[in-house]
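Note: the block below is model-v6.txt and it holds compact mmCIF, C-alpha atoms.
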# COMPACT_ATOMS: atom_id res chain seq x y z
CA MET A 29 -29.79 17.89 5.96
CA LYS A 30 -27.11 19.34 3.68
CA PHE A 31 -27.69 19.51 -0.04
CA GLY A 32 -24.84 17.04 -0.74
CA GLU A 33 -26.29 14.57 1.76
CA TYR A 34 -29.71 14.95 0.14
CA ILE A 35 -28.30 14.13 -3.32
CA LEU A 36 -26.45 11.08 -1.97
CA GLU A 37 -29.62 9.89 -0.25
CA GLU A 38 -31.66 10.37 -3.43
CA LEU A 39 -29.09 8.39 -5.43
CA ASN A 40 -29.18 5.62 -2.81
CA PHE A 41 -25.49 5.87 -1.91
CA ASN A 42 -25.05 3.98 1.32
CA LYS A 43 -21.28 3.76 1.31
CA TRP A 44 -18.44 4.98 -0.86
CA LYS A 45 -14.69 5.15 -0.63
CA LEU A 46 -11.87 6.83 -2.46
CA LYS A 47 -9.72 5.08 -5.02
CA LYS A 48 -6.43 3.76 -3.68
CA ASP A 49 -4.46 6.77 -5.00
CA PHE A 50 -6.39 9.28 -2.86
CA LEU A 51 -7.04 9.90 0.84
CA PHE A 52 -8.83 12.34 3.12
CA LYS A 53 -6.59 14.85 4.88
CA LYS A 54 -8.18 17.60 6.98
CA ASN A 55 -11.54 17.34 5.18
CA LYS A 56 -9.89 17.49 1.76
CA VAL A 57 -9.14 14.82 -0.80
CA VAL A 58 -5.41 14.56 -1.52
CA LYS A 59 -3.63 12.48 -4.15
CA ILE A 60 -1.09 10.07 -2.67
CA GLU A 61 2.37 10.36 -4.15
CA THR A 62 3.23 7.06 -5.78
CA LYS A 63 6.77 5.84 -6.27
CA LYS A 64 7.87 4.47 -9.62
CA PHE A 65 9.51 1.09 -9.17
CA SER A 66 12.08 -0.56 -11.39
CA LEU A 67 11.29 -3.94 -12.89
CA GLU A 68 13.58 -5.62 -10.32
CA GLU A 69 11.88 -3.85 -7.39
CA THR A 70 8.43 -4.73 -8.70
CA SER A 71 9.23 -8.40 -9.12
CA PHE A 72 11.01 -8.49 -5.72
CA LEU A 73 8.04 -6.93 -3.91
CA PHE A 74 5.59 -9.23 -5.64
CA SER A 75 7.65 -12.34 -4.83
CA LEU A 76 8.04 -11.14 -1.22
CA SER A 77 4.27 -10.75 -0.89
CA MET A 78 3.72 -14.18 -2.47
CA SER A 79 6.20 -15.80 -0.08
CA PHE A 80 4.29 -14.34 2.88
CA GLY A 81 1.04 -15.63 1.39
CA LEU A 82 -0.42 -12.18 0.81
CA ASP A 83 -3.07 -11.57 -1.82
CA PHE A 84 -1.54 -8.68 -3.78
CA LYS A 85 -1.28 -8.31 -7.53
CA GLU A 86 2.04 -7.49 -9.19
CA LYS A 87 0.82 -4.01 -10.12
CA ASP A 88 0.22 -3.18 -6.42
CA SER A 89 3.88 -2.44 -5.65
CA ASN A 90 3.08 0.69 -3.64
CA GLU A 91 0.51 -1.18 -1.56
CA ILE A 92 2.93 -4.05 -0.95
CA LEU A 93 5.70 -1.69 0.14
CA ASN A 94 3.30 0.25 2.39
CA PHE A 95 2.16 -3.01 3.99
CA PHE A 96 5.72 -4.06 4.84
CA VAL A 97 6.64 -0.55 6.04
CA GLU A 98 3.57 -0.42 8.31
CA ASN A 99 4.52 -3.80 9.77
CA GLU A 100 8.11 -2.56 10.27
CA THR A 101 9.58 -5.27 8.05
CA ILE A 102 11.11 -2.75 5.64
CA LYS A 103 12.17 0.74 6.71
CA PRO A 104 10.77 3.61 4.64
CA ASP A 105 13.00 4.51 1.67
CA CYS A 106 15.25 1.48 2.31
CA LEU A 107 13.86 -0.99 -0.23
CA GLU A 108 17.10 -1.27 -2.20
CA GLU A 109 19.08 -1.86 1.00
CA PHE A 110 16.58 -4.55 2.04
CA MET A 111 16.85 -6.21 -1.37
CA LEU A 112 20.66 -6.37 -1.18
CA ASP A 113 21.03 -7.49 2.45
CA SER A 114 20.35 -11.21 2.86
CA ASN A 115 20.39 -10.95 6.68
CA LYS A 116 17.53 -8.43 6.63
CA ARG A 117 15.54 -10.68 4.31
CA LYS A 118 16.10 -13.67 6.63
CA ASN A 119 15.10 -11.61 9.67
CA ALA A 120 11.85 -10.62 7.95
CA TRP A 121 10.65 -14.20 8.49
CA LYS A 122 11.23 -13.91 12.24
CA LYS A 123 8.81 -10.97 12.56
CA GLU A 124 5.12 -11.60 12.96
CA LEU A 125 2.91 -9.75 10.50

Please re-express this file's structure in structure tokens.
Amino acid sequence: MKFGEYILEELNFNKWKLKKDFLFKKNKVVKIETKKFSLEETSFLFSLSMSFGLDFKEKDSNEILNFFVENETIKPDCLEEFMLDSNKRKNAWKKEL
């Protein structure tokens, strides 16, 4: 048993996870780069998540954007284009999440 594992066992840690701003990459902890959103982008992302019935908070703009990028609703780095194009917003409803 490694010393770190021994300490965790003694402290009764069964499970832990990183905060949402960090991730494991090649056995190292790396800080995730977060994008700063304008007030319009923040309110748009929050209203988009609400309209899809998702349980995000308004402050979770990065998580909301990542969710829609992972589900291929919004292309990476194309949020402003998505906001301005009404056809893309209408087509978002045709995709299954």

Inset, instruction - Would you mind listing what lies within 12 Å of stretch 95-111 of chain A as number ranges by chain, with all atoms listed in the file counted and same-chain residues fewer than 6 positions away left out? - result: A: 63, 65-66, 68-77, 80, 82-84, 88-89, 117-125

Legend entry - Between atom CA of A:Ser79 and atom CA of A:Leu67, distance in Å (one decimal):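 Atom CA of A:Ser79 sits 18.2 Å away from atom CA of A:Leu67.
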
Legend entry - d(atom CA of A:Lys53, atom CA of A:Lys87) in Å: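 Atom CA of A:Lys87 lies 25.2 Å from atom CA of A:Lys53.
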
Legend entry - Of the listed residues A:Phe52, A:Met78, A:Lys47, A:Leu93, that which approaches A:Lys64 most closely, counting all atoms listed in the file: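 Ranking A:Phe52, A:Met78, A:Lys47, A:Leu93 by distance to A:Lys64, first place goes to A:Leu93.
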
Inset, instruction - Enter the distance from atom CA of A:Leu51 to atom CA of A:Glu91, in Å, rounded to one decimal. - result: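 Going from atom CA of A:Leu51 over to atom CA of A:Glu91 covers 13.6 Å.
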
Residues near A:Phe50, cut-off 8 Å, all atoms listed in the file, skip fewer than 4 positions along chain, as a PDB file with C-alpha atoms, in the coordinates of the input:
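And here is the file that came out, out-v5.pdb:
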ATOM      1  CA  LEU A  46     -11.870   6.830  -2.460  1.00  0.00           C
ATOM      2  CA  VAL A  57      -9.140  14.820  -0.800  1.00  0.00           C
ATOM      3  CA  VAL A  58      -5.410  14.560  -1.520  1.00  0.00           C
ATOM      4  CA  LYS A  59      -3.630  12.480  -4.150  1.00  0.00           C
ATOM      5  CA  ILE A  60      -1.090  10.070  -2.670  1.00  0.00           C
TER       6      ILE A  60
END
